[in-house]
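Visitor: To start, I am sharing the structure in question, which I have written as structure tokens.
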Amino acid sequence: MNEQSAHRADVYVDLDAVRHNVEVLSAHARSSGARTMAVVKADGYGHGAVATARAALRSGADWLGVALISEALRLREYGVRAPVLCWLYRPEDEIAAAVRAEVDLSVSTVAQLREVARAAASAGVTARVHLKIDTGLHRNGASPEDWGRLVDEAAKAAADGAVEVFAVWSHLACADEPGHPSVEMQARRFREAYLRALEAGLRPLRHLANSAALLTRPDLHFDMVRPGIALYGLDPVPQAGPHDLRPAMTFRSTVVLTRRIAAGESVSYGHSWTAPEETTVALVPVGYADGVPRSLSGRMSVWLGGKRRPVVGTVCMDQLVVWCGDDPVREGAEVVLFGPGDRGEPTADEWARELGTIHYEIVTGMSRPRVSRTVSEEA
């Protein structure tokens, strides 16, 4: 049995939608004089990093952003030569390989700076770094108390030729809540950190804005913006929209069996749903092992045969059941579990709201061994 035959569900990625979104977002950035870094970490938020990176670069993005060195090196392996920033790595990761591949690295501590400088020396090249200041998210990034020492050490390393300090950057905690006071606090701390870098003799670029700030805070665009989720058509600030974004992902399967059941018969584990009258049900070979949360049992619908239909009974590991009434439904018919919503089908955002989470979690969770990925043809 070949690998493709093992897949009973598919994620379809519409690169035209990605290109449209990048055009919209990069136009916002250009209006402020800023460049655009397209964030393609986590395998392009589940959409495929290489394909979405290429689409983004052809549509207005100047840079790419990833979390892991392995993600950056995979882009290089597939011939993506655009500037790439990587910001989450350990001392034992392939830092020298990243530097040799001309991957920019984020630096948050003096120890990390020295590690990158040693790796650059061993590779015989100069490492390009982005110094990160923690302005209030409190993950990585230098604390304000440690920032002065970091920029002074970075200026010395730059003078020695070990590194090039390309940018100063930070990340916002609550930009998806327009008007949240933390945004102003972080912006103020960021500006102060940048001035301290200038005092140390550095002349770096600045980048702070994520998708939400790109769309709502042009004053925080600075020299570069870093859209992530918005690239894929999922709006981080719908309350401040509309923003003309198009969801790029559709999750789909097919009907493998239909059957009539009598009134009073129940469906799936626990018999949580009972047919009120004689009816047709359709079996779809996708379940919680394939990305359909079991907690959506009794709370979800699918698009089948030109209309929404409820999923009844418990979502199983490998399958779910759709209530079709007396409508004729053929085996092999396409079932859309979520998509852009243009036809009235469920969306990833709808799933997220029902589950009490965010759409980021839904789409990034679709990279699964039993789910194939089909990407629309690249231009």
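We label chains A, B, ... in the order they appear in the structure tokens, count residues from 1 in each chain, and number ligands from 1 in the order shown.
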Taking a cut-off of 10 Å and counting only C-alpha atoms, can you build a table that, for each residue of segment 9-120 of chain A near segment 129-147 of chain A, reports the nearest atom pair and how far apart they are in Å (one decimal), sorted by chain then residue number, as CSV?

Guide:
residue,atom,partner,partner_atom,distance
A:Leu85,CA,A:His130,CA,8.2
A:Cys86,CA,A:His130,CA,9.4
A:Trp87,CA,A:His130,CA,8.8
A:Leu88,CA,A:Asn140,CA,8.6
A:Val99,CA,A:Val129,CA,9.8
A:Val103,CA,A:Val129,CA,9.0
A:Asp104,CA,A:Val129,CA,5.5
A:Leu105,CA,A:Val129,CA,4.9
A:Ser106,CA,A:His130,CA,4.7
A:Val107,CA,A:Leu131,CA,4.9
A:Ser108,CA,A:Gly141,CA,4.5
A:Thr109,CA,A:Ala142,CA,5.9
A:Val110,CA,A:Asp146,CA,8.8
A:Leu113,CA,A:Val129,CA,8.5
A:Val116,CA,A:Val129,CA,8.6
A:Ala117,CA,A:Val129,CA,9.8

Visitor: Which parts of segment 119-367 of chain A does DSSP call helix (DSSP H, G or I) when run on the backbone here, written out as number ranges by chain?

Guide: A: 119-123, 144-159, 181-199, 211-216, 218-220, 229-232, 238-240, 269-271, 288-290, 294-296, 348-355, 359-364

Visitor: Would you write out, as a tab-separated table, a table of all residues in segment 309-353 of chain A that have an atom no more than 7 Å from an atom of segment 237-251 of chain A, listing for each the closest atom pair and the distance in Å to one decimal, considering only C-alpha atoms and ordering rows by chain and rising residue number?

Guide:
residue	atom	partner	partner_atom	distance
A:Val336	CA	A:Phe251	CA	6.0
A:Leu337	CA	A:Phe251	CA	5.5
A:Phe338	CA	A:Phe251	CA	5.3
A:Gly339	CA	A:Thr250	CA	4.1
A:Pro340	CA	A:Pro247	CA	5.0

Visitor: Got time to write the residues from that selection, C-alpha atoms, as a short mmCIF file (atom, residue, chain, number, x, y, z; two decimals), in the first residue's frame?

Guide:
data_model
loop_
_atom_site.label_atom_id
_atom_site.label_comp_id
_atom_site.auth_asym_id
_atom_site.auth_seq_id
_atom_site.Cartn_x
_atom_site.Cartn_y
_atom_site.Cartn_z
CA VAL A 336 -15.51 19.88 3.97
CA LEU A 337 -14.79 20.01 7.70
CA PHE A 338 -13.60 23.61 7.55
CA GLY A 339 -12.66 26.03 4.82
CA PRO A 340 -12.72 29.71 3.91
#

Visitor: Rounded to one decimal in Å, what is the spacing between atom CA of Leu208 of chain A and atom CA of Val39 of chain A?

Guide: 13.1 Å

Visitor: Can I get the residues of segment 300-343 of chain A within 9 Å of segment 276-279 of chain A, each with the closest pair of atoms and their distance in Å to one decimal, using only C-alpha atoms, sorted chain first then ascending number, as a Markdown table?

Guide:
| residue | atom | partner | partner_atom | distance |
| --- | --- | --- | --- | --- |
| A:Trp323 | CA | A:Thr279 | CA | 7.6 |
| A:Cys324 | CA | A:Thr279 | CA | 7.0 |
| A:Gly325 | CA | A:Thr279 | CA | 4.8 |
| A:Asp326 | CA | A:Thr279 | CA | 5.9 |
| A:Asp327 | CA | A:Thr279 | CA | 8.9 |

Visitor: Would you return as a ChimeraX atom specification the members of segment 161-335 of chain A that DSSP assigns to strand (DSSP E or B) on this structure's backbone?

Guide: /A:163-169,205-207,224-225,249-254,257-261,266-267,273-274,279-284,301-304,307-312,320-325,334-335

Visitor: Fewer than 4 positions away in the same chain doesn't count, so skip those; otherwise give me all residues within 8 Å of Leu231 of chain A, counting only C-alpha atoms, as a ChimeraX atom specification.

Guide: /A:18,21-22,25,38,227

Visitor: Between atom CA of His7 of chain A and atom CA of Arg370 of chain A, what is the spacing in Å?

Guide: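 Separating atom CA of Arg370 of chain A from atom CA of His7 of chain A is a distance of 5.1 Å.
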
Visitor: Need the shell around Ser26 of chain A: protein/DNA/RNA residues with any atom at most 8 Å away, counting only C-alpha atoms. Skip same-chain ones fewer than 5 positions apart. Format as a PDB file with C-alpha atoms, in the first residue's frame?

Guide:
ATOM      1  CA  ARG A  35       9.716  45.962   4.910  1.00  0.00           C
ATOM      2  CA  THR A  36       7.734  42.746   5.418  1.00  0.00           C
ATOM      3  CA  GLY A  60       5.687  41.503  -1.535  1.00  0.00           C
ATOM      4  CA  ALA A  61       7.564  39.930   1.367  1.00  0.00           C
TER       5      ALA A  61
END

Visitor: Which residue is closest to Arg196 of chain A? Choose from A:Leu234, A:Leu296, A:Arg149, A:Arg54 and count only C-alpha atoms.

Guide: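 Closest candidate: A:Arg149.
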
Visitor: So which residues touch Glu199 of chain A within 10 Å, counting only C-alpha atoms, skipping near sequence neighbours fewer than 5 positions away, as number ranges by chain?

Guide: A: 148, 151-152, 193-194

Visitor: Write the residues you've just listed into a file as a short mmCIF file (atom, residue, chain, number, x, y, z; two decimals), in the first residue's frame, and include all heavy atoms for each of them.

Guide:
data_model
loop_
_atom_site.label_atom_id
_atom_site.label_comp_id
_atom_site.auth_asym_id
_atom_site.auth_seq_id
_atom_site.Cartn_x
_atom_site.Cartn_y
_atom_site.Cartn_z
N GLY A 148 21.78 47.02 28.49
CA GLY A 148 22.96 47.86 28.27
C GLY A 148 24.22 47.05 28.06
O GLY A 148 25.02 47.33 27.16
N VAL A 151 24.08 45.32 24.50
CA VAL A 151 24.38 46.16 23.34
C VAL A 151 25.84 46.60 23.35
O VAL A 151 26.46 46.73 22.28
CB VAL A 151 23.41 47.36 23.24
CG1 VAL A 151 21.99 46.89 23.02
CG2 VAL A 151 23.49 48.26 24.46
N ASP A 152 26.42 46.82 24.53
CA ASP A 152 27.84 47.18 24.58
C ASP A 152 28.71 46.03 24.08
O ASP A 152 29.66 46.23 23.31
CB ASP A 152 28.23 47.57 26.00
CG ASP A 152 27.65 48.91 26.43
OD1 ASP A 152 27.23 49.68 25.55
OD2 ASP A 152 27.59 49.16 27.66
N ALA A 193 15.02 51.17 24.43
CA ALA A 193 16.07 50.20 24.14
C ALA A 193 16.80 50.55 22.86
O ALA A 193 18.03 50.42 22.77
CB ALA A 193 15.46 48.80 24.03
N TYR A 194 16.07 51.04 21.87
CA TYR A 194 16.70 51.42 20.61
C TYR A 194 17.65 52.59 20.83
O TYR A 194 18.79 52.60 20.31
CB TYR A 194 15.62 51.78 19.59
CG TYR A 194 16.18 52.29 18.29
CD1 TYR A 194 16.89 51.45 17.44
CD2 TYR A 194 15.99 53.62 17.91
CE1 TYR A 194 17.40 51.92 16.23
CE2 TYR A 194 16.50 54.10 16.72
CZ TYR A 194 17.21 53.24 15.88
OH TYR A 194 17.72 53.71 14.70
#
